[in-house]
>>> print(open('query_7.tsv').read())   # TSV, C-alpha atoms
chain	number	residue	atom	x	y	z
A	1	GLY	CA	50.52	168.97	145.98
A	2	ALA	CA	48.59	165.75	145.68
A	3	VAL	CA	45.02	165.61	146.99
A	4	VAL	CA	43.60	163.08	149.41
A	5	SER	CA	39.98	163.04	150.47
A	6	GLN	CA	38.56	161.45	153.56
A	7	HIS	CA	34.97	160.66	154.40
A	8	PRO	CA	33.20	161.28	156.68
A	9	SER	CA	34.83	164.38	158.14
A	10	TRP	CA	33.15	163.73	161.45
A	11	VAL	CA	30.99	161.00	162.90
A	12	ILE	CA	29.24	160.34	166.18
A	13	CYS	CA	28.33	156.77	166.97
A	14	LYS	CA	27.08	154.75	169.90
A	15	SER	CA	29.31	152.45	171.84
A	16	GLY	CA	29.39	148.97	170.33
A	17	THR	CA	28.74	150.00	166.75
A	18	SER	CA	31.20	150.00	163.86
A	19	VAL	CA	32.35	152.95	161.80
A	20	LYS	CA	33.97	152.91	158.37
A	21	ILE	CA	36.27	155.72	157.23
A	22	GLU	CA	37.18	156.07	153.55
A	23	CYS	CA	40.38	157.55	152.24
A	24	ARG	CA	40.82	158.32	148.56
A	25	SER	CA	43.75	159.67	146.59
A	26	LEU	CA	42.11	161.90	143.98
A	27	ASP	CA	44.90	162.76	141.56
A	28	PHE	CA	47.54	160.13	142.14
A	29	GLN	CA	47.88	156.44	142.78
A	30	ALA	CA	48.80	155.62	146.34
A	31	THR	CA	50.56	152.29	146.51
A	32	THR	CA	50.92	152.84	150.21
A	33	MET	CA	48.50	154.44	152.62
A	34	PHE	CA	49.12	155.15	156.26
A	35	TRP	CA	46.54	155.47	159.00
A	36	TYR	CA	47.16	157.66	162.02
A	37	ARG	CA	45.27	158.79	165.05
A	38	GLN	CA	45.90	162.00	166.89
A	39	PHE	CA	44.81	163.02	170.36
A	40	PRO	CA	44.40	166.70	171.26
A	41	LYS	CA	47.72	168.55	171.39
A	42	LYS	CA	49.60	165.33	170.63
A	43	SER	CA	51.50	164.22	167.59
A	44	LEU	CA	50.45	161.71	164.99
A	45	MET	CA	50.50	158.09	166.06
A	46	LEU	CA	50.94	155.64	163.22
A	47	MET	CA	48.40	152.84	163.48
A	48	ALA	CA	49.07	150.83	160.36
A	49	THR	CA	50.53	150.82	156.88
A	50	SER	CA	48.56	149.37	154.00
A	51	ASN	CA	49.72	148.44	150.55
A	52	GLU	CA	47.33	147.90	147.69
A	53	GLY	CA	46.23	144.31	147.46
A	54	SER	CA	47.99	143.06	150.57
A	55	LYS	CA	47.34	142.87	154.28
A	56	ALA	CA	48.00	145.90	156.41
A	57	THR	CA	50.98	146.06	158.74
A	58	TYR	CA	49.93	147.19	162.19
A	59	GLU	CA	52.08	149.02	164.71
A	60	GLN	CA	52.75	147.42	168.03
A	61	GLY	CA	49.83	147.82	170.40
A	62	VAL	CA	47.24	148.43	167.69
A	63	GLU	CA	44.55	145.73	167.64
A	64	LYS	CA	44.21	144.47	164.09
A	65	ASP	CA	40.82	142.90	164.81
A	66	LYS	CA	39.49	146.19	166.08
A	67	PHE	CA	40.89	148.46	163.40
A	68	LEU	CA	40.25	146.74	160.08
A	69	ILE	CA	42.10	148.19	157.14
A	70	ASN	CA	41.40	147.40	153.51
A	71	HIS	CA	43.36	148.82	150.59
A	72	ALA	CA	41.25	147.61	147.71
A	73	SER	CA	42.71	149.77	144.97
A	74	LEU	CA	45.48	152.25	144.31
A	75	THR	CA	43.12	155.09	145.15
A	76	LEU	CA	41.02	153.75	148.02
A	77	SER	CA	41.76	152.57	151.53
A	78	THR	CA	39.25	152.10	154.33
A	79	LEU	CA	39.56	151.91	158.10
A	80	THR	CA	36.76	150.27	160.03
A	81	VAL	CA	36.62	150.76	163.77
A	82	THR	CA	34.73	147.74	165.05
A	83	SER	CA	32.77	147.66	168.29
A	84	ALA	CA	33.75	151.23	169.01
A	85	HIS	CA	34.15	152.41	172.59
A	86	PRO	CA	34.52	155.93	174.01
A	87	GLU	CA	38.30	155.49	174.26
A	88	ASP	CA	38.38	155.12	170.46
A	89	SER	CA	37.22	158.73	170.14
A	90	SER	CA	39.98	160.53	168.29
A	91	PHE	CA	41.03	162.30	165.11
A	92	TYR	CA	41.85	159.72	162.45
A	93	ILE	CA	43.98	160.81	159.51
A	94	CYS	CA	45.03	158.87	156.44
A	95	GLY	CA	48.13	159.60	154.42
A	96	GLY	CA	48.56	158.64	150.79
A	97	ASP	CA	52.09	158.12	149.60
A	98	THR	CA	53.35	158.89	146.11
A	99	SER	CA	57.02	158.57	145.29
A	100	TYR	CA	57.99	158.77	148.96
A	101	GLU	CA	56.00	161.92	149.62
A	102	GLN	CA	53.06	161.62	151.94
A	103	TYR	CA	49.94	163.74	151.62
A	104	PHE	CA	47.24	163.71	154.25
A	105	GLY	CA	43.50	163.60	154.03
A	106	PRO	CA	41.55	166.20	155.99
A	107	GLY	CA	40.89	163.76	158.83
A	108	THR	CA	37.85	162.21	160.46
A	109	ARG	CA	36.82	163.19	163.94
A	110	LEU	CA	35.21	160.21	165.64
A	111	THR	CA	33.19	160.59	168.81
A	112	VAL	CA	31.87	157.45	170.48
A	113	THR	CA	29.09	158.02	173.02
B	1	GLN	CA	65.40	159.09	173.54
B	2	LYS	CA	62.65	159.88	171.07
B	3	GLU	CA	63.40	159.08	167.49
B	4	VAL	CA	62.45	162.58	166.31
B	5	GLU	CA	62.71	165.46	168.72
B	6	GLN	CA	61.39	168.96	168.49
B	7	ASN	CA	61.06	171.76	170.96
B	8	SER	CA	57.34	172.05	171.72
B	9	GLY	CA	57.45	175.84	171.95
B	10	PRO	CA	55.62	178.05	171.63
B	11	LEU	CA	58.13	179.93	169.53
B	12	SER	CA	57.01	183.52	169.25
B	13	VAL	CA	58.37	185.81	166.53
B	14	PRO	CA	57.25	189.24	165.37
B	15	GLU	CA	55.66	189.64	161.98
B	16	GLY	CA	58.27	190.00	159.25
B	17	ALA	CA	60.97	188.19	161.22
B	18	ILE	CA	62.65	184.87	160.43
B	19	ALA	CA	61.28	181.88	162.33
B	20	SER	CA	63.74	179.05	162.87
B	21	LEU	CA	62.39	175.60	163.70
B	22	ASN	CA	64.67	172.74	164.63
B	23	CYS	CA	64.48	168.98	164.67
B	24	THR	CA	66.91	166.22	165.57
B	25	TYR	CA	66.61	162.55	164.79
B	26	SER	CA	68.30	159.50	166.21
B	27	ASP	CA	68.29	156.92	163.41
B	28	ARG	CA	71.19	157.45	161.02
B	29	GLY	CA	69.37	155.23	158.54
B	30	SER	CA	66.70	157.88	158.05
B	31	GLN	CA	66.58	158.79	154.41
B	32	SER	CA	64.16	161.61	153.82
B	33	PHE	CA	63.00	164.50	155.90
B	34	PHE	CA	59.77	166.41	155.84
B	35	TRP	CA	58.17	169.48	157.32
B	36	TYR	CA	54.42	169.65	157.78
B	37	ARG	CA	52.29	172.52	158.98
B	38	GLN	CA	49.20	171.76	161.04
B	39	TYR	CA	46.58	174.29	161.94
B	40	SER	CA	44.47	173.60	165.01
B	41	GLY	CA	41.74	171.07	164.24
B	42	LYS	CA	43.09	170.34	160.77
B	43	SER	CA	45.28	167.63	159.30
B	44	PRO	CA	48.95	168.26	158.47
B	45	GLU	CA	49.93	169.86	155.19
B	46	LEU	CA	53.25	169.08	153.51
B	47	ILE	CA	55.45	172.16	153.23
B	48	MET	CA	58.80	170.82	152.19
B	49	PHE	CA	60.92	167.72	151.94
B	50	ILE	CA	64.67	167.36	151.72
B	51	TYR	CA	66.85	164.36	150.97
B	52	SER	CA	70.38	165.69	150.63
B	53	ASN	CA	72.67	167.63	152.91
B	54	GLY	CA	72.48	171.37	152.49
B	55	ASP	CA	69.72	173.86	151.93
B	56	LYS	CA	66.56	173.68	149.88
B	57	GLU	CA	64.52	176.78	149.28
B	58	ASP	CA	60.88	177.13	148.26
B	59	GLY	CA	59.45	180.62	148.44
B	60	ARG	CA	59.69	181.89	152.01
B	61	PHE	CA	60.68	178.46	153.30
B	62	THR	CA	64.16	176.99	153.52
B	63	ALA	CA	64.86	173.49	154.78
B	64	GLN	CA	68.35	172.67	155.98
B	65	LEU	CA	69.71	169.17	156.48
B	66	ASN	CA	72.89	168.07	158.21
B	67	LYS	CA	73.07	164.30	158.28
B	68	ALA	CA	76.36	164.23	160.18
B	69	SER	CA	74.76	166.12	163.05
B	70	GLN	CA	71.38	164.42	162.51
B	71	TYR	CA	69.72	167.76	162.37
B	72	VAL	CA	67.09	169.27	160.12
B	73	SER	CA	65.66	172.76	160.32
B	74	LEU	CA	63.04	174.94	158.71
B	75	LEU	CA	63.44	178.67	158.24
B	76	ILE	CA	60.43	180.83	157.50
B	77	ARG	CA	61.33	184.25	156.17
B	78	ASP	CA	59.05	187.28	156.45
B	79	SER	CA	56.84	185.44	158.93
B	80	GLN	CA	53.15	186.24	158.73
B	81	PRO	CA	50.39	185.77	161.32
B	82	SER	CA	48.94	183.14	158.99
B	83	ASP	CA	52.10	181.08	159.58
B	84	SER	CA	50.99	180.58	163.19
B	85	ALA	CA	50.54	176.82	163.46
B	86	THR	CA	52.23	173.69	164.72
B	87	TYR	CA	55.12	172.51	162.58
B	88	LEU	CA	55.79	168.79	162.49
B	89	CYS	CA	59.11	167.32	161.51
B	90	ALA	CA	59.01	163.83	160.04
B	91	VAL	CA	61.65	161.38	158.91
B	92	MET	CA	61.17	158.49	156.57
B	93	ARG	CA	62.80	155.28	157.59
B	94	ASP	CA	63.12	152.23	155.43
B	95	ALA	CA	63.17	148.90	157.22
B	96	SER	CA	63.36	145.55	155.48
B	97	GLY	CA	61.65	146.67	152.32
B	98	THR	CA	58.90	148.62	154.04
B	99	TYR	CA	59.01	152.19	155.15
B	100	LYS	CA	57.26	154.49	157.52
B	101	TYR	CA	57.24	158.09	158.62
B	102	ILE	CA	58.16	158.99	162.16
B	103	PHE	CA	56.83	162.30	163.42
B	104	GLY	CA	58.08	164.62	166.09
B	105	THR	CA	55.66	166.12	168.57
B	106	GLY	CA	55.70	169.46	166.76
B	107	THR	CA	56.72	173.02	167.51
B	108	ARG	CA	54.00	175.60	167.97
B	109	LEU	CA	54.83	178.85	166.18
B	110	LYS	CA	53.13	182.13	167.01
B	111	VAL	CA	53.71	185.08	164.72
B	112	LEU	CA	52.82	188.28	166.48
B	113	ALA	CA	51.22	191.05	164.40
>>> encode(input="query_7.tsv", output="structure tokens")
Amino acid sequence: GAVVSQHPSWVICKSGTSVKIECRSLDFQATTMFWYRQFPKKSLMLMATSNEGSKATYEQGVEKDKFLINHASLTLSTLTVTSAHPEDSSFYICGGDTSYEQYFGPGTRLTVT
Amino acid sequence: QKEVEQNSGPLSVPEGAIASLNCTYSDRGSQSFFWYRQYSGKSPELIMFIYSNGDKEDGRFTAQLNKASQYVSLLIRDSQPSDSATYLCAVMRDASGTYKYIFGTGTRLKVLA
């Protein structure tokens, strides 16, 4: 299967700071990347869909000014959590899509103290 | 009614048995269907996808799709303890030129040695 990397794998930050998560498709071009968050023992919650070179489409209830998504190239998308608060602590996972098959990165565990 | 429904389990099967995982979906416009395996603390891994009615086999895995009944299943033959994980069913839905994946809450499978 296709390979997606995500960096960092885990991060601890203080409340009020911003955190950037990078998602890269290593062996394919991802015209679309999806960003999810997952709480313990819960399913994936889609946050937003990003297409290369265009603005991200956010799901209802997701604050676009808080979760900034940039899809600068066919292999790189970033999610920036701005002014993070403890309730933003979660497992964030990106999914790169190739030919209508989605492959996930290993995820980033964010803890906000 | 949830768009994608799965029994949360746990489904316990003895080693060597067939594990049968089921999923129903509500949107008849769903086009593609996916099974992901997720180990605790890890991101999901794509196991299989199926687009057409009928069966699709890949090694020990068989996906079955019945669009009339809006039902998709995953059979795991010769189950191994290493198959113990949460299995997520996902459907891809196209809406107005964009598309997204909708995930079920997952079925936890335990293969008993």
>>> residues_around(input="query_7.tsv", residues="range 81-86 of chain A", least_positions_apart="4", cutoff="6 Å", atoms="only C-alpha atoms", output="PyMOL selection string")
chain A and resi 15-19+66-67+112-113
>>> closest_residue(input="query_7.tsv", among="A:Ser77, A:Thr57, A:Ser89, A:Ser25", to="chain B", atoms="all atoms listed in the file")
A:Thr57
>>> closest_atom_pairs(input="query_7.tsv", of="chain B", to="chain A", cutoff="8 Å", atoms="only C-alpha atoms", output="Markdown table")
| residue | atom | partner | partner_atom | distance |
| --- | --- | --- | --- | --- |
| B:Lys42 | CA | A:Pro106 | CA | 6.5 |
| B:Ser43 | CA | A:Pro106 | CA | 5.2 |
| B:Pro44 | CA | A:Phe104 | CA | 6.4 |
| B:Glu45 | CA | A:Phe104 | CA | 6.8 |
| B:Leu46 | CA | A:Tyr103 | CA | 6.6 |
| B:Phe49 | CA | A:Glu101 | CA | 8.0 |
| B:Lys100 | CA | A:Thr49 | CA | 7.7 |
| B:Phe103 | CA | A:Leu44 | CA | 6.6 |
| B:Gly104 | CA | A:Ser43 | CA | 6.8 |
| B:Thr105 | CA | A:Ser43 | CA | 4.7 |
| B:Gly106 | CA | A:Ser43 | CA | 6.8 |
>>> residues_around(input="query_7.tsv", residues="range 5-8 of chain B", least_positions_apart="4", cutoff="8 Å", atoms="all atoms listed in the file", output="mmCIF file with C-alpha atoms, keeping the file's coordinate frame")
data_model
loop_
_atom_site.group_PDB
_atom_site.id
_atom_site.type_symbol
_atom_site.label_atom_id
_atom_site.label_comp_id
_atom_site.auth_asym_id
_atom_site.auth_seq_id
_atom_site.Cartn_x
_atom_site.Cartn_y
_atom_site.Cartn_z
ATOM 1 C CA ASN B 22 64.670 172.740 164.630
ATOM 2 C CA CYS B 23 64.480 168.980 164.670
ATOM 3 C CA THR B 24 66.910 166.220 165.570
ATOM 4 C CA TYR B 25 66.610 162.550 164.790
ATOM 5 C CA CYS B 89 59.110 167.320 161.510
ATOM 6 C CA GLY B 104 58.080 164.620 166.090
ATOM 7 C CA THR B 105 55.660 166.120 168.570
ATOM 8 C CA GLY B 106 55.700 169.460 166.760
ATOM 9 C CA THR B 107 56.720 173.020 167.510
ATOM 10 C CA ARG B 108 54.000 175.600 167.970
#
>>> closest_residue(input="query_7.tsv", among="B:Ser26, B:Gln31, B:Thr98, B:Gln38", to="Ser82 in chain B", atoms="all atoms listed in the file")
B:Gln38
>>> atom_distance(input="query_7.tsv", atom1="CA of Phe39 in chain A", atom2="CA of Leu109 in chain B")
19.2 Å
>>> build_atoms(input="query_7.tsv", residues="range 67-88 of chain B", atoms="N, CA, C and O atoms", output="PDB file, in the frame of the given file")
ATOM      1  N   LYS B  67      73.169 165.709 157.889  1.00  0.00           N
ATOM      2  CA  LYS B  67      73.070 164.300 158.280  1.00  0.00           C
ATOM      3  C   LYS B  67      74.145 163.923 159.297  1.00  0.00           C
ATOM      4  O   LYS B  67      73.912 163.063 160.145  1.00  0.00           O
ATOM      5  N   ALA B  68      75.298 164.548 159.226  1.00  0.00           N
ATOM      6  CA  ALA B  68      76.360 164.230 160.180  1.00  0.00           C
ATOM      7  C   ALA B  68      75.925 164.581 161.605  1.00  0.00           C
ATOM      8  O   ALA B  68      76.202 163.846 162.559  1.00  0.00           O
ATOM      9  N   SER B  69      75.243 165.688 161.739  1.00  0.00           N
ATOM     10  CA  SER B  69      74.760 166.120 163.050  1.00  0.00           C
ATOM     11  C   SER B  69      73.346 165.619 163.329  1.00  0.00           C
ATOM     12  O   SER B  69      72.807 165.870 164.413  1.00  0.00           O
ATOM     13  N   GLN B  70      72.732 164.950 162.360  1.00  0.00           N
ATOM     14  CA  GLN B  70      71.380 164.420 162.510  1.00  0.00           C
ATOM     15  C   GLN B  70      70.404 165.513 162.890  1.00  0.00           C
ATOM     16  O   GLN B  70      69.667 165.421 163.881  1.00  0.00           O
ATOM     17  N   TYR B  71      70.419 166.512 162.059  1.00  0.00           N
ATOM     18  CA  TYR B  71      69.720 167.760 162.370  1.00  0.00           C
ATOM     19  C   TYR B  71      69.052 168.269 161.102  1.00  0.00           C
ATOM     20  O   TYR B  71      69.654 168.282 160.026  1.00  0.00           O
ATOM     21  N   VAL B  72      67.783 168.659 161.244  1.00  0.00           N
ATOM     22  CA  VAL B  72      67.090 169.270 160.120  1.00  0.00           C
ATOM     23  C   VAL B  72      66.340 170.487 160.647  1.00  0.00           C
ATOM     24  O   VAL B  72      65.832 170.468 161.777  1.00  0.00           O
ATOM     25  N   SER B  73      66.318 171.546 159.860  1.00  0.00           N
ATOM     26  CA  SER B  73      65.660 172.760 160.320  1.00  0.00           C
ATOM     27  C   SER B  73      64.794 173.346 159.224  1.00  0.00           C
ATOM     28  O   SER B  73      64.926 173.001 158.045  1.00  0.00           O
ATOM     29  N   LEU B  74      63.897 174.225 159.638  1.00  0.00           N
ATOM     30  CA  LEU B  74      63.040 174.940 158.710  1.00  0.00           C
ATOM     31  C   LEU B  74      63.099 176.419 159.057  1.00  0.00           C
ATOM     32  O   LEU B  74      62.865 176.791 160.214  1.00  0.00           O
ATOM     33  N   LEU B  75      63.442 177.226 158.061  1.00  0.00           N
ATOM     34  CA  LEU B  75      63.440 178.670 158.240  1.00  0.00           C
ATOM     35  C   LEU B  75      62.256 179.246 157.491  1.00  0.00           C
ATOM     36  O   LEU B  75      62.008 178.879 156.336  1.00  0.00           O
ATOM     37  N   ILE B  76      61.539 180.131 158.149  1.00  0.00           N
ATOM     38  CA  ILE B  76      60.430 180.830 157.500  1.00  0.00           C
ATOM     39  C   ILE B  76      60.777 182.297 157.491  1.00  0.00           C
ATOM     40  O   ILE B  76      60.865 182.944 158.552  1.00  0.00           O
ATOM     41  N   ARG B  77      60.990 182.826 156.297  1.00  0.00           N
ATOM     42  CA  ARG B  77      61.330 184.250 156.170  1.00  0.00           C
ATOM     43  C   ARG B  77      60.066 185.078 156.106  1.00  0.00           C
ATOM     44  O   ARG B  77      59.001 184.597 155.705  1.00  0.00           O
ATOM     45  N   ASP B  78      60.189 186.353 156.508  1.00  0.00           N
ATOM     46  CA  ASP B  78      59.050 187.280 156.450  1.00  0.00           C
ATOM     47  C   ASP B  78      57.805 186.608 157.046  1.00  0.00           C
ATOM     48  O   ASP B  78      56.749 186.508 156.403  1.00  0.00           O
ATOM     49  N   SER B  79      57.935 186.162 158.270  1.00  0.00           N
ATOM     50  CA  SER B  79      56.840 185.440 158.930  1.00  0.00           C
ATOM     51  C   SER B  79      55.564 186.272 158.965  1.00  0.00           C
ATOM     52  O   SER B  79      55.595 187.486 159.211  1.00  0.00           O
ATOM     53  N   GLN B  80      54.456 185.610 158.737  1.00  0.00           N
ATOM     54  CA  GLN B  80      53.150 186.240 158.730  1.00  0.00           C
ATOM     55  C   GLN B  80      52.283 185.614 159.830  1.00  0.00           C
ATOM     56  O   GLN B  80      52.462 184.456 160.189  1.00  0.00           O
ATOM     57  N   PRO B  81      51.303 186.362 160.322  1.00  0.00           N
ATOM     58  CA  PRO B  81      50.390 185.770 161.320  1.00  0.00           C
ATOM     59  C   PRO B  81      49.751 184.470 160.844  1.00  0.00           C
ATOM     60  O   PRO B  81      49.476 183.578 161.647  1.00  0.00           O
ATOM     61  N   SER B  82      49.538 184.362 159.537  1.00  0.00           N
ATOM     62  CA  SER B  82      48.940 183.140 158.990  1.00  0.00           C
ATOM     63  C   SER B  82      49.877 181.935 159.074  1.00  0.00           C
ATOM     64  O   SER B  82      49.450 180.798 158.854  1.00  0.00           O
ATOM     65  N   ASP B  83      51.151 182.180 159.382  1.00  0.00           N
ATOM     66  CA  ASP B  83      52.100 181.080 159.580  1.00  0.00           C
ATOM     67  C   ASP B  83      51.970 180.468 160.972  1.00  0.00           C
ATOM     68  O   ASP B  83      52.586 179.436 161.260  1.00  0.00           O
ATOM     69  N   SER B  84      51.181 181.096 161.836  1.00  0.00           N
ATOM     70  CA  SER B  84      50.990 180.580 163.190  1.00  0.00           C
ATOM     71  C   SER B  84      50.310 179.217 163.106  1.00  0.00           C
ATOM     72  O   SER B  84      49.186 179.104 162.622  1.00  0.00           O
ATOM     73  N   ALA B  85      51.015 178.208 163.575  1.00  0.00           N
ATOM     74  CA  ALA B  85      50.540 176.820 163.460  1.00  0.00           C
ATOM     75  C   ALA B  85      51.533 175.949 164.208  1.00  0.00           C
ATOM     76  O   ALA B  85      52.532 176.427 164.752  1.00  0.00           O
ATOM     77  N   THR B  86      51.268 174.661 164.207  1.00  0.00           N
ATOM     78  CA  THR B  86      52.230 173.690 164.720  1.00  0.00           C
ATOM     79  C   THR B  86      52.971 173.088 163.547  1.00  0.00           C
ATOM     80  O   THR B  86      52.345 172.689 162.559  1.00  0.00           O
ATOM     81  N   TYR B  87      54.285 173.037 163.655  1.00  0.00           N
ATOM     82  CA  TYR B  87      55.120 172.510 162.580  1.00  0.00           C
ATOM     83  C   TYR B  87      55.684 171.157 162.995  1.00  0.00           C
ATOM     84  O   TYR B  87      56.359 171.048 164.019  1.00  0.00           O
ATOM     85  N   LEU B  88      55.364 170.157 162.202  1.00  0.00           N
ATOM     86  CA  LEU B  88      55.790 168.790 162.490  1.00  0.00           C
ATOM     87  C   LEU B  88      56.962 168.407 161.601  1.00  0.00           C
ATOM     88  O   LEU B  88      56.920 168.595 160.389  1.00  0.00           O
TER      89      LEU B  88
END
